[in-house]
Amino acid sequence: MAGVFSIATDQQLINCLQNGGTDKLKAEEFLFNSYAYFISEAMRKYSLNEEEAFDAYSDTILSSLGKIADGTYQGRSSLKTWLYQIFHNKCVDLIRKKTTNKRSIYKTAEIDTLKFQVSDTVKSIIQKMIDQTDFDRLKQKLKELGEDCRQMLQLWSEGFSDKEIAVQLNYKTPEVTKTSRYRCLEKLKRLYKNKETL
């Protein structure tokens, strides 16, 4: 929780995220929790529902973690300002997508969009993939993800809540479970995309 793992400066947080070790997971959780209020701001400012705002926020955190890890973030602005800009762009993209969908009467959804749309309250991504692709291929991709992600996604596809998954897989909090699941889904998405480009 943010209160237990205290960070004084952006640079300290970035150092923890880049150095790995036991503090890295704590730092990821700290980052996720520190700016979670962006979700309610997006609901108010952009008229998104909670699910849409949460998805945009989770995508923002995952994207930022990748950029921090590879050194793309250079600290020209504060971490908060940088994160908010990424989040704002994702919200605007989401609004554009929704507007485009409304205007298109005979819109054919791209398979990629259907496969990787992430939401806790709609049919899970795993089920969507089972519906749309060969089951053996999905099983192979889940094996490639590794045991932790495979267990996480299997429990999630079976309807277990983040709280229940946290208990079963020994995650610290449901929030950590949710962040880890999004990371696993991103890995799964990349595995499918890599296959398609071969």
# chains A, B, ... in the order shown; residues from 1 in each chain; ligands from 1

$ residues_around --residues "A:Thr177" --least-positions-apart "3" --cutoff "12 Å" --atoms "only C-alpha atoms" --output "PyMOL selection string"
chain A and resi 25+28-29+32+148-149+151-153+155-156+160-174+180-184

$ write_last_selection --atoms "N, CA and C atoms" --output "compact mmCIF listing (two decimals), in the first residue's frame"
# COMPACT_ATOMS: atom_id res chain seq x y z
N LEU A 25 8.26 -4.36 -7.23
CA LEU A 25 6.81 -4.62 -7.13
C LEU A 25 6.12 -3.61 -6.23
N GLU A 28 5.82 -0.44 -8.19
CA GLU A 28 4.75 -0.52 -9.19
C GLU A 28 3.38 -0.30 -8.53
N GLU A 29 3.20 -0.94 -7.37
CA GLU A 29 1.94 -0.78 -6.65
C GLU A 29 1.77 0.66 -6.18
N PHE A 32 0.78 2.79 -9.14
CA PHE A 32 -0.61 2.53 -9.52
C PHE A 32 -1.57 3.24 -8.56
N ASP A 148 2.88 -18.59 -13.83
CA ASP A 148 2.18 -17.57 -13.04
C ASP A 148 1.05 -16.93 -13.84
N CYS A 149 1.38 -16.49 -15.05
CA CYS A 149 0.36 -15.85 -15.89
C CYS A 149 -0.73 -16.84 -16.28
N GLN A 151 -1.84 -19.45 -14.62
CA GLN A 151 -2.75 -19.65 -13.48
C GLN A 151 -3.64 -18.43 -13.27
N MET A 152 -3.02 -17.26 -13.35
CA MET A 152 -3.78 -16.01 -13.16
C MET A 152 -4.93 -15.90 -14.17
N LEU A 153 -4.63 -16.09 -15.45
CA LEU A 153 -5.65 -15.93 -16.49
C LEU A 153 -6.69 -17.05 -16.44
N LEU A 155 -7.76 -18.61 -13.68
CA LEU A 155 -8.67 -18.29 -12.58
C LEU A 155 -9.60 -17.15 -12.96
N TRP A 156 -9.04 -16.14 -13.64
CA TRP A 156 -9.85 -14.99 -14.03
C TRP A 156 -10.93 -15.39 -15.03
N PHE A 160 -13.22 -16.00 -11.07
CA PHE A 160 -12.72 -15.64 -9.75
C PHE A 160 -12.47 -14.14 -9.70
N SER A 161 -12.78 -13.52 -8.55
CA SER A 161 -12.55 -12.09 -8.37
C SER A 161 -11.08 -11.83 -8.10
N ASP A 162 -10.67 -10.56 -8.23
CA ASP A 162 -9.28 -10.21 -7.94
C ASP A 162 -8.92 -10.55 -6.50
N LYS A 163 -9.86 -10.36 -5.60
CA LYS A 163 -9.61 -10.66 -4.19
C LYS A 163 -9.35 -12.17 -4.00
N GLU A 164 -10.18 -12.99 -4.66
CA GLU A 164 -10.02 -14.44 -4.56
C GLU A 164 -8.70 -14.91 -5.19
N ILE A 165 -8.35 -14.29 -6.33
CA ILE A 165 -7.10 -14.66 -6.99
C ILE A 165 -5.91 -14.26 -6.13
N ALA A 166 -6.01 -13.08 -5.50
CA ALA A 166 -4.93 -12.61 -4.62
C ALA A 166 -4.66 -13.63 -3.52
N VAL A 167 -5.73 -14.19 -2.95
CA VAL A 167 -5.59 -15.17 -1.87
C VAL A 167 -4.96 -16.46 -2.42
N GLN A 168 -5.48 -16.94 -3.55
CA GLN A 168 -5.01 -18.21 -4.10
C GLN A 168 -3.57 -18.17 -4.58
N LEU A 169 -3.17 -17.03 -5.16
CA LEU A 169 -1.83 -16.94 -5.75
C LEU A 169 -0.86 -16.12 -4.89
N ASN A 170 -1.31 -15.79 -3.66
CA ASN A 170 -0.46 -15.06 -2.70
C ASN A 170 -0.03 -13.68 -3.17
N TYR A 171 -0.94 -12.93 -3.82
CA TYR A 171 -0.66 -11.54 -4.14
C TYR A 171 -1.02 -10.69 -2.93
N LYS A 172 -0.34 -9.56 -2.80
CA LYS A 172 -0.51 -8.74 -1.60
C LYS A 172 -1.90 -8.13 -1.49
N THR A 173 -2.42 -7.60 -2.60
CA THR A 173 -3.74 -6.96 -2.60
C THR A 173 -4.45 -7.26 -3.92
N PRO A 174 -5.77 -7.06 -3.96
CA PRO A 174 -6.50 -7.21 -5.23
C PRO A 174 -5.98 -6.25 -6.31
N SER A 180 -1.14 -7.14 -12.26
CA SER A 180 -0.43 -8.32 -12.79
C SER A 180 -1.22 -8.95 -13.93
N ARG A 181 -2.54 -8.98 -13.81
CA ARG A 181 -3.36 -9.57 -14.87
C ARG A 181 -3.23 -8.76 -16.16
N TYR A 182 -3.26 -7.44 -16.03
CA TYR A 182 -3.12 -6.61 -17.22
C TYR A 182 -1.76 -6.84 -17.89
N ARG A 183 -0.73 -7.04 -17.06
CA ARG A 183 0.59 -7.31 -17.62
C ARG A 183 0.59 -8.64 -18.37
N CYS A 184 -0.07 -9.65 -17.78
CA CYS A 184 -0.16 -10.96 -18.44
C CYS A 184 -0.94 -10.86 -19.75

$ atom_distance --atom1 "atom CA of A:Gly146" --atom2 "atom CA of A:Phe54"
26.0 Å

$ closest_residue --among "A:Glu52, A:Asp23, A:Asp70, A:Glu175" --to "A:Ile95" --atoms "only C-alpha atoms"
A:Glu52

$ atom_distance --atom1 "atom CA of A:Gln18" --atom2 "atom CA of A:Ile68"
6.9 Å

$ closest_residue --among "A:Thr179, A:Gly75, A:Arg190, A:Phe87" --to "A:Leu142" --atoms "only C-alpha atoms"
A:Arg190

$ closest_residue --among "A:Leu62, A:Ala42, A:Leu79, A:Ala69" --to "A:Lys187" --atoms "only C-alpha atoms"
A:Leu62

$ atom_distance --atom1 "atom CA of A:Lys178" --atom2 "atom CA of A:Met43"
19.7 Å

$ residues_around --residues "A:Leu31" --least-positions-apart "5" --cutoff "9 Å" --atoms "only C-alpha atoms" --output "mmCIF file with N, CA and C atoms, in the first residue's frame"
data_model
loop_
_atom_site.group_PDB
_atom_site.id
_atom_site.type_symbol
_atom_site.label_atom_id
_atom_site.label_comp_id
_atom_site.auth_asym_id
_atom_site.auth_seq_id
_atom_site.Cartn_x
_atom_site.Cartn_y
_atom_site.Cartn_z
ATOM 1 N N ALA A 2 0.327 2.371 -0.498
ATOM 2 C CA ALA A 2 1.118 3.584 -0.638
ATOM 3 C C ALA A 2 1.654 4.058 0.704
ATOM 4 N N LEU A 13 11.450 6.927 -6.978
ATOM 5 C CA LEU A 13 10.492 5.953 -7.498
ATOM 6 C C LEU A 13 11.012 5.328 -8.790
ATOM 7 N N LYS A 26 6.782 -3.263 -5.120
ATOM 8 C CA LYS A 26 6.219 -2.256 -4.213
ATOM 9 C C LYS A 26 6.109 -0.912 -4.927
ATOM 10 N N ALA A 36 -4.401 6.850 -8.935
ATOM 11 C CA ALA A 36 -5.673 6.182 -9.246
ATOM 12 C C ALA A 36 -6.844 7.154 -9.286
ATOM 13 N N ILE A 61 -0.597 3.049 -16.900
ATOM 14 C CA ILE A 61 0.417 2.560 -15.960
ATOM 15 C C ILE A 61 1.316 1.524 -16.632
#
